[in-house]
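Quick notes on the structure that follows.
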Amino acid sequence: MSAVQETVAQVRAIDVDQYKYGFVTDIESEKAPKGLSEEIVRYISAQKNEPEWMLEMRLDAYRRWLTMREPTWARVSYPKIDFQAYYYFARPKAAPKSIDEIDPEILKTYAKLGIPLRERDALLGIENTDRPKVAVDAVFDSVSVATTFKAELAKAGVIFCAISEAIREHPELVRKYLGSVVPVSDNFYATLNAAVFSDGSFVYIPPGVRCPMELSTYFRINEKNTGQFERTLIIADEGSYVSYLEGCTAPQRDENQLHAAVVELVAMKDAEIKYSTVQNWYPGDKDGKGGIYNFVTKRGDCRGDNSKISWTQVETGSAITWKYPSCILRGDNSSGEFYSIAISNGHQQVDSGTKMVHLGKNTSSRIISKGISAGRSNNTYRGLVSAHKKATGARNFTNCDSLLIGDTCGAHTVPYMEARNASAMFEHEATTSKISEDQLFYCLQRGLSQEEAVALIVNGFVRDVLQHLPMEFAVEAQKLIAVSLEGSVG
Amino acid sequence: MLDIRNLHARIGDKEIIKGLNLTVPAGEVHAIMGPNGSGKSTLSYVLSGKEDYEVTAGSVMFDGRDLLALTASERAAAGVFLAFQYPVEVPGVANMTFLRAALNAQRRTRGEAEISTPDFLRLIKEKAPPLGISQEMLRRGVNVGFSGGEKKRNEVLQMALLEPKLCILDEADSGLDIDALKVVSEGVNALRSPERSMLVITHYQRLLDHIVPDVIHVMHQGRIVRTGGKELALELEETGYAAYGADAA
């Protein structure tokens with residue numbers, strides 16, 4: 001058998017069954033009744049002691065959602081989702097008040113997750129002086145269970161807390177910005193999220209402040225048949241800077257679990273937000289059974305002049321990924337970046353990319369996308385770059401590379417470009433390649449094992465993106481890439 | 001060192017090596033010459049363990065071991081090195097990273113400790129300059145954007161670092177101008193030692209002026225048809241391979 005054929009066979013044999021976060025934590029939880037209705041929306045809002053305006057926003061979203069239809073334009077296929085078959089709210093019984101009161105089972109779960117280690121340490125209250133401090137907000141099913149280093153952040157004036165807490169404690173900020181980047185009726189899943197979002201993280205960086213540590217949120221779905229709808233809102237006020245990391249895992253289940261998050265970023269004048277994601281939701285088993293349906297709306301608004309938003313993502317999990325982290329380049333001279341590594345194996349389907357909407361003058365954007373397909377997966381890059389009439393001097397550079405491992409997977413690139421003024425300059429480069437027999441043999445002949453050879457070649461392929469991740473995250477991502485492709489290896 | 005007996009190998013349905021016998025003692029440099037399509041490159045792939053090539057009969061003993069029972073990476077760790085005619089590009093992987101990964105992979109397979117960073121840097125500093133390999137070439141992706149000469153020099157650098165027992169050089173002179181040929185041959189000659197054997201595969205006599213072999217074999221239709229001293233190369237240069245039934249080159 002040739003090396004590539006063998007690689008393919010091994011992908012089939014091992015692939016996604018290797019998911020190591022597929023354990024279930026045995027804790028008691030409270031759930032709202034199954035299904036979705038106005039009562040459930042009211043129930044969720046009441047559970048969180050929300051003010052009237054928040055309930056109104058949810059109800060408005062729910063009513064709009066009823067009139068909307070699921071989008072079908074993405075290159076993914078799955079059986080029709082029965083939205084009444086999910087639980088829309090679950091939380092561990094006995095909601096914790098401080099980190100010491102968190103159910104030890106939940107802490108054990110985070111300990112078991114291992115990645116990223118420093119988050120676990122932070123959650124467990126271990127201060128490791130060798131590593132930079134990272135403040136963590138941990139979301140378990142529908143509820144934020146712990147936020148660390150709050151006091152230290154408060155000294156700098158930074159607000160970092162669960163969004164449910166922010167709605168109660170900082171209503172003026174939340175009302176001003178929530179829904180201002182992703183409007184309530186933006187799209188089917190975002191509207192659903194607006195109606196039923198349970199928790200998520202809230203960040204506010206005051207003017208001129210450079211956030212003293214990395215902020216991080218760790219999402220975990222635990223309950224069976226539970227949808228997770230988290231909502232994240234990050235505001236970087238004038239001249240401020242923040243770097244934010246997001247990680248996700250879920251147990252291994254035969255049923256598909258639903259995840260529809262919304263992330264809104266607002267960067268004011270001279271502010272910069274760097275948002276990094278390592279997405280490792282359960283991808284389903286080798287026959288394509290189970291796995292997370294991940295329908296996510298992420299958008300950043302470069303609202304002020306000279307502002308900058310940078311998205312970096314490493315996508316390795318989920319049965320279905322539908323995700324386009326985007327930038328609205330509203331302020332003059334603002335810039336947006338999108339660096340992405342999307343790996344699909346087994347029966348995973350990925351339709352992901354970005355939108356760069358140039359509205360201000362001399363705005364610039366940069367897109368580097370690396371897709372790796374193995375097994376029987378399909379991996380699509382879908383991107384839009386547009387320049388408004390007034391966006392004179394808009395510039396974009398796009399580079400989309402796809403790497404195929406084996407001959408039963410697919411890679412697709414769907415770029416859209418719209419320039420409404422003559423001074424816009426858009427560049428687009430795209431390549432599709434395969435790990436060739438010759439490359440593999442060259443590495444083997446020098447003594448590398450099949451596994452080491454594939455990992456080396458793939459890491460070389462994604463290097464341009466990896467270097468944009470925060471240092472420690474990059475090391476973890478590199479390991480995750482190797483694990484995701486184990487089996488395409490020897 | 002290397003003992004090949006009655007080797008038959010094919011790719012797909014096509015038999016290419018048809019009963020080849022060859023013995024290369026330790027410390028000797030043997031050249032294999034022959035017309036296009038005589039099976040020279042196939043022999044190098046079969047010895048280094050490339051899949052797609054199926055051995056249907058015969059045996060290959062290497063350093064007292066049954067070579068054919070080992071995988072390609074095990075053969076590399078056991079000391080078989082193939083300098084490729086067309087070295088392959090590995091984009092995004094720094095040449096230096098690749099060299100170290102290869103060296104450590106071989107060491108692990110042999111049950112040895114990995115090389116430390118300072119030791120590795122020292123080793124590179126010693127081996128790279130004589131081959132005219134700059135720091136910049138070490139930082140670039142493996143063979144990416146290398147000229148023909150740079151690629152061949154890079155192969156010799158790998159050989160010098162990995163210190164194999166058997167070096168197989170497949171058309172080491174192809175694509176080289178005379179200056180590059182000198183650098184490459186000097187690099188190869190510096191690696192000649194009583195413990196190391198070499199198999200130099202070439203179409204032309206030119207290379208053998210620089211890397212002077214102890215023995216020359218003529219290969220034709222998957223077999224060694226003649227064996228002689230270095231004067232055989234000169235004779236072939238005169239007469240061509242026509243005497244062996246090949247079309248005049």
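Just remember, in the structure tokens the first chain shown is A, the second B, etc., residues are 1-based per chain, and ligands are 1-based in the order shown.
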### Task
Give as a list of chain:residue names every residue of chain B that touches chain A within 6 Å, counting only C-alpha atoms.
B:Glu51, B:Asp52, B:Ala72, B:Ser73, B:Ala76, B:Ala77, B:Pro91, B:Gly92, B:Val93, B:Ala102, B:Ala105, B:Gln106
### Task
Assign secondary structure with DSSP using the backbone only, and return the residues of region 2-233 of chain B in strand (DSSP E or B) as an MDAnalysis selection string.
chainID B and resid 2:11 14:24 29:33 53:62 65:66 80:83 90:94 141:142 166:170 193 196:202 215:220 223:228
### Task
Pick out the residues sitting within 7 Å of Leu2 (chain B), and hand them over as JSON, numbers by chain; count only C-alpha atoms, and ignore anything fewer than 2 positions along from it in its own chain.
{"B": [4, 23, 24, 25, 61, 62, 63]}
Create the file for the chosen residues now, containing C-alpha atoms and written as a short mmCIF file (atom, residue, chain, number, x, y, z; two decimals), in the first residue's frame.
```
data_model
loop_
_atom_site.label_atom_id
_atom_site.label_comp_id
_atom_site.auth_asym_id
_atom_site.auth_seq_id
_atom_site.Cartn_x
_atom_site.Cartn_y
_atom_site.Cartn_z
CA ILE B 4 22.34 -7.81 -2.92
CA THR B 23 28.29 -6.42 -3.26
CA VAL B 24 29.75 -3.22 -1.82
CA PRO B 25 32.34 -3.78 0.94
CA MET B 61 21.74 -7.74 3.56
CA PHE B 62 22.96 -4.46 5.01
CA ASP B 63 25.45 -4.30 7.85
#
```
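Proximity to Cys409 (chain A) was assessed for A:Ile341, A:Met213, A:Ala32, A:Val350 counting only C-alpha atoms; the smallest distance is recorded for A:Val350.
The spacing separating CA of Ser386 (chain A) from CA of Met268 (chain A) amounts to 21.3 Å.
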### Message
Show me, as a ChimeraX atom specification, the residues that have an atom within 12 Å of Ile481 (chain A) when counting only C-alpha atoms, minus same-chain residues fewer than 2 positions from it.
### Response
/A:278-280,314-317,341-345,371-373,451,454-463,466,474-479,483-489
Pull C-alpha atoms from the residues just selected and write them as a compact mmCIF listing (two decimals), in the first residue's frame.
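Result file is selection-v3.txt:
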```txt
# COMPACT_ATOMS: atom_id res chain seq x y z
CA VAL A 278 -9.05 27.34 19.86
CA GLN A 279 -12.26 25.50 19.05
CA ASN A 280 -12.24 21.85 19.95
CA VAL A 314 -7.75 27.31 15.23
CA GLU A 315 -10.80 25.22 14.40
CA THR A 316 -10.41 21.49 14.92
CA GLY A 317 -13.70 20.30 16.40
CA ILE A 341 -6.50 27.32 10.63
CA ALA A 342 -9.43 24.99 10.01
CA ILE A 343 -8.81 21.27 10.23
CA SER A 344 -11.46 18.75 9.29
CA ASN A 345 -11.20 15.00 9.62
CA GLY A 371 -7.70 24.75 5.52
CA ILE A 372 -6.63 21.15 6.04
CA SER A 373 -8.99 18.36 5.05
CA GLU A 451 3.34 10.51 12.07
CA VAL A 454 2.70 14.55 8.49
CA ALA A 455 2.82 16.72 11.64
CA LEU A 456 5.94 18.47 10.34
CA ILE A 457 4.47 19.12 6.90
CA VAL A 458 1.15 20.36 8.31
CA ASN A 459 2.83 22.58 10.87
CA GLY A 460 4.91 24.07 8.07
CA PHE A 461 1.70 24.68 6.13
CA VAL A 462 0.01 26.58 8.98
CA ARG A 463 3.09 28.43 10.23
CA LEU A 466 0.37 29.97 14.24
CA ALA A 474 0.46 28.48 19.87
CA VAL A 475 2.23 25.58 21.55
CA GLU A 476 -1.11 24.11 22.62
CA ALA A 477 -2.56 24.65 19.17
CA GLN A 478 0.38 22.88 17.60
CA LYS A 479 -0.23 19.82 19.80
CA VAL A 483 -3.84 15.14 17.77
CA SER A 484 -6.57 16.10 15.28
CA LEU A 485 -4.59 14.53 12.50
CA GLU A 486 -3.48 11.49 14.42
CA GLY A 487 -4.28 8.60 12.14
CA SER A 488 -3.34 10.60 9.10
CA VAL A 489 -0.13 9.72 10.77
```
### Distance query Pro171 (chain A) at most 12 Å, only C-alpha atoms, self and fewer than 4 positions along chain excluded, as a PyMOL selection string
chain A and resi 50-54+163-167+175-178+202
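For Ile168 (chain B), the set of protein, DNA and RNA residues having any atom at most 8 Å away, when counting only C-alpha atoms and skipping those fewer than 5 positions along the same chain, is Ser44, Val80, Phe81, Leu82, Ala83, Met198, Leu199, Val200 and Ile201 of chain B.
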Produce a file of the selected residues containing C-alpha atoms, as a PDB file, in the first residue's frame.
```pdb
ATOM      1  CA  SER B  44      18.010   3.475  -5.156  1.00  0.00           C
ATOM      2  CA  VAL B  80      20.992   4.178   4.645  1.00  0.00           C
ATOM      3  CA  PHE B  81      20.998   7.649   3.120  1.00  0.00           C
ATOM      4  CA  LEU B  82      19.660   8.572  -0.296  1.00  0.00           C
ATOM      5  CA  ALA B  83      20.765  11.872  -1.819  1.00  0.00           C
ATOM      6  CA  MET B 198      28.927   4.767  -1.288  1.00  0.00           C
ATOM      7  CA  LEU B 199      26.856   3.897  -4.291  1.00  0.00           C
ATOM      8  CA  VAL B 200      27.158   6.618  -6.917  1.00  0.00           C
ATOM      9  CA  ILE B 201      24.498   6.433  -9.600  1.00  0.00           C
TER      10      ILE B 201
END
```
### Task
From a DSSP calculation on the backbone, collect every residue of region 35-248 of chain B in alpha helix (DSSP H) and output the set as a VMD selection string.
chain B and resid 40 to 48 72 to 78 95 to 109 117 to 127 135 to 139 148 to 162 178 to 190 206 to 210 231 to 239
Pull C-alpha atoms from the residues just selected and write them as a PDB file, in the first residue's frame.
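Printed below is out.pdb as written:
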```
ATOM      1  CA  LYS B  40      19.325   2.740 -11.679  1.00  0.00           C
ATOM      2  CA  SER B  41      16.935   5.064  -9.879  1.00  0.00           C
ATOM      3  CA  THR B  42      14.577   2.194  -9.128  1.00  0.00           C
ATOM      4  CA  LEU B  43      17.439   0.428  -7.372  1.00  0.00           C
ATOM      5  CA  SER B  44      18.010   3.475  -5.156  1.00  0.00           C
ATOM      6  CA  TYR B  45      14.306   3.596  -4.237  1.00  0.00           C
ATOM      7  CA  VAL B  46      14.109  -0.122  -3.537  1.00  0.00           C
ATOM      8  CA  LEU B  47      17.148   0.079  -1.255  1.00  0.00           C
ATOM      9  CA  SER B  48      15.799   3.087   0.649  1.00  0.00           C
ATOM     10  CA  ALA B  72      11.946   3.411   5.238  1.00  0.00           C
ATOM     11  CA  SER B  73      12.552   5.324   8.478  1.00  0.00           C
ATOM     12  CA  GLU B  74      14.154   2.283  10.134  1.00  0.00           C
ATOM     13  CA  ARG B  75      16.505   1.948   7.174  1.00  0.00           C
ATOM     14  CA  ALA B  76      17.423   5.616   7.553  1.00  0.00           C
ATOM     15  CA  ALA B  77      18.153   5.110  11.245  1.00  0.00           C
ATOM     16  CA  ALA B  78      20.184   1.991  10.393  1.00  0.00           C
ATOM     17  CA  ASN B  95      15.730  23.839   6.998  1.00  0.00           C
ATOM     18  CA  MET B  96      17.332  23.923  10.443  1.00  0.00           C
ATOM     19  CA  THR B  97      14.165  22.533  12.072  1.00  0.00           C
ATOM     20  CA  PHE B  98      14.064  19.745   9.532  1.00  0.00           C
ATOM     21  CA  LEU B  99      17.703  18.789  10.040  1.00  0.00           C
ATOM     22  CA  ARG B 100      17.270  18.605  13.763  1.00  0.00           C
ATOM     23  CA  ALA B 101      13.983  16.675  13.537  1.00  0.00           C
ATOM     24  CA  ALA B 102      15.638  14.123  11.246  1.00  0.00           C
ATOM     25  CA  LEU B 103      18.721  13.738  13.418  1.00  0.00           C
ATOM     26  CA  ASN B 104      16.652  13.301  16.577  1.00  0.00           C
ATOM     27  CA  ALA B 105      14.199  10.906  14.940  1.00  0.00           C
ATOM     28  CA  GLN B 106      17.103   8.666  13.913  1.00  0.00           C
ATOM     29  CA  ARG B 107      18.623   8.889  17.373  1.00  0.00           C
ATOM     30  CA  ARG B 108      15.333   7.926  19.016  1.00  0.00           C
ATOM     31  CA  THR B 109      14.935   4.947  16.692  1.00  0.00           C
ATOM     32  CA  THR B 117      20.499  22.646  21.267  1.00  0.00           C
ATOM     33  CA  PRO B 118      24.087  23.858  21.843  1.00  0.00           C
ATOM     34  CA  ASP B 119      25.522  20.596  20.479  1.00  0.00           C
ATOM     35  CA  PHE B 120      23.298  20.805  17.431  1.00  0.00           C
ATOM     36  CA  LEU B 121      24.267  24.412  16.730  1.00  0.00           C
ATOM     37  CA  ARG B 122      27.931  23.495  17.104  1.00  0.00           C
ATOM     38  CA  LEU B 123      27.475  20.645  14.653  1.00  0.00           C
ATOM     39  CA  ILE B 124      25.786  22.887  12.090  1.00  0.00           C
ATOM     40  CA  LYS B 125      28.471  25.511  12.483  1.00  0.00           C
ATOM     41  CA  GLU B 126      31.076  22.886  11.725  1.00  0.00           C
ATOM     42  CA  LYS B 127      29.352  21.218   8.755  1.00  0.00           C
ATOM     43  CA  GLN B 135      22.581  30.980   7.846  1.00  0.00           C
ATOM     44  CA  GLU B 136      19.941  32.340   5.522  1.00  0.00           C
ATOM     45  CA  MET B 137      19.646  28.983   3.720  1.00  0.00           C
ATOM     46  CA  LEU B 138      19.275  27.268   7.078  1.00  0.00           C
ATOM     47  CA  ARG B 139      16.379  29.539   8.018  1.00  0.00           C
ATOM     48  CA  GLY B 148      19.705  23.379  -8.296  1.00  0.00           C
ATOM     49  CA  GLY B 149      23.177  23.697  -6.779  1.00  0.00           C
ATOM     50  CA  GLU B 150      21.844  24.780  -3.374  1.00  0.00           C
ATOM     51  CA  LYS B 151      19.547  21.766  -3.271  1.00  0.00           C
ATOM     52  CA  LYS B 152      22.399  19.368  -3.976  1.00  0.00           C
ATOM     53  CA  ARG B 153      24.642  21.035  -1.404  1.00  0.00           C
ATOM     54  CA  ASN B 154      21.827  20.791   1.098  1.00  0.00           C
ATOM     55  CA  GLU B 155      21.613  17.041   0.441  1.00  0.00           C
ATOM     56  CA  VAL B 156      25.320  16.715   1.187  1.00  0.00           C
ATOM     57  CA  LEU B 157      24.858  18.728   4.399  1.00  0.00           C
ATOM     58  CA  GLN B 158      22.158  16.294   5.529  1.00  0.00           C
ATOM     59  CA  MET B 159      24.490  13.436   4.715  1.00  0.00           C
ATOM     60  CA  ALA B 160      27.301  15.023   6.733  1.00  0.00           C
ATOM     61  CA  LEU B 161      25.021  15.555   9.743  1.00  0.00           C
ATOM     62  CA  LEU B 162      23.335  12.169   9.727  1.00  0.00           C
ATOM     63  CA  ILE B 178      31.256  23.004 -12.918  1.00  0.00           C
ATOM     64  CA  ASP B 179      31.829  25.134  -9.793  1.00  0.00           C
ATOM     65  CA  ALA B 180      28.829  23.672  -7.984  1.00  0.00           C
ATOM     66  CA  LEU B 181      29.936  20.205  -9.049  1.00  0.00           C
ATOM     67  CA  LYS B 182      33.304  20.806  -7.386  1.00  0.00           C
ATOM     68  CA  VAL B 183      31.744  21.906  -4.091  1.00  0.00           C
ATOM     69  CA  VAL B 184      29.382  18.933  -4.043  1.00  0.00           C
ATOM     70  CA  SER B 185      32.108  16.397  -4.899  1.00  0.00           C
ATOM     71  CA  GLU B 186      34.502  17.829  -2.349  1.00  0.00           C
ATOM     72  CA  GLY B 187      31.737  17.549   0.232  1.00  0.00           C
ATOM     73  CA  VAL B 188      31.143  13.933  -0.738  1.00  0.00           C
ATOM     74  CA  ASN B 189      34.858  13.081  -0.833  1.00  0.00           C
ATOM     75  CA  ALA B 190      35.297  14.520   2.655  1.00  0.00           C
ATOM     76  CA  ARG B 206      31.882  13.576 -15.721  1.00  0.00           C
ATOM     77  CA  LEU B 207      30.978  13.082 -12.045  1.00  0.00           C
ATOM     78  CA  LEU B 208      33.456  10.233 -11.718  1.00  0.00           C
ATOM     79  CA  ASP B 209      36.344  12.586 -12.513  1.00  0.00           C
ATOM     80  CA  HIS B 210      35.530  14.251  -9.226  1.00  0.00           C
ATOM     81  CA  GLU B 231      38.954   2.965 -16.574  1.00  0.00           C
ATOM     82  CA  LEU B 232      35.586   1.435 -17.534  1.00  0.00           C
ATOM     83  CA  ALA B 233      34.029   4.903 -17.338  1.00  0.00           C
ATOM     84  CA  LEU B 234      36.384   6.222 -19.980  1.00  0.00           C
ATOM     85  CA  GLU B 235      35.613   3.306 -22.240  1.00  0.00           C
ATOM     86  CA  LEU B 236      31.894   3.956 -21.872  1.00  0.00           C
ATOM     87  CA  GLU B 237      32.437   7.601 -22.663  1.00  0.00           C
ATOM     88  CA  GLU B 238      33.970   6.500 -25.957  1.00  0.00           C
ATOM     89  CA  THR B 239      31.588   3.781 -26.993  1.00  0.00           C
TER      90      THR B 239
END
```
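Atom pair CA of Leu192 (chain A) / CA of Ser340 (chain A): separated by 25.9 Å.
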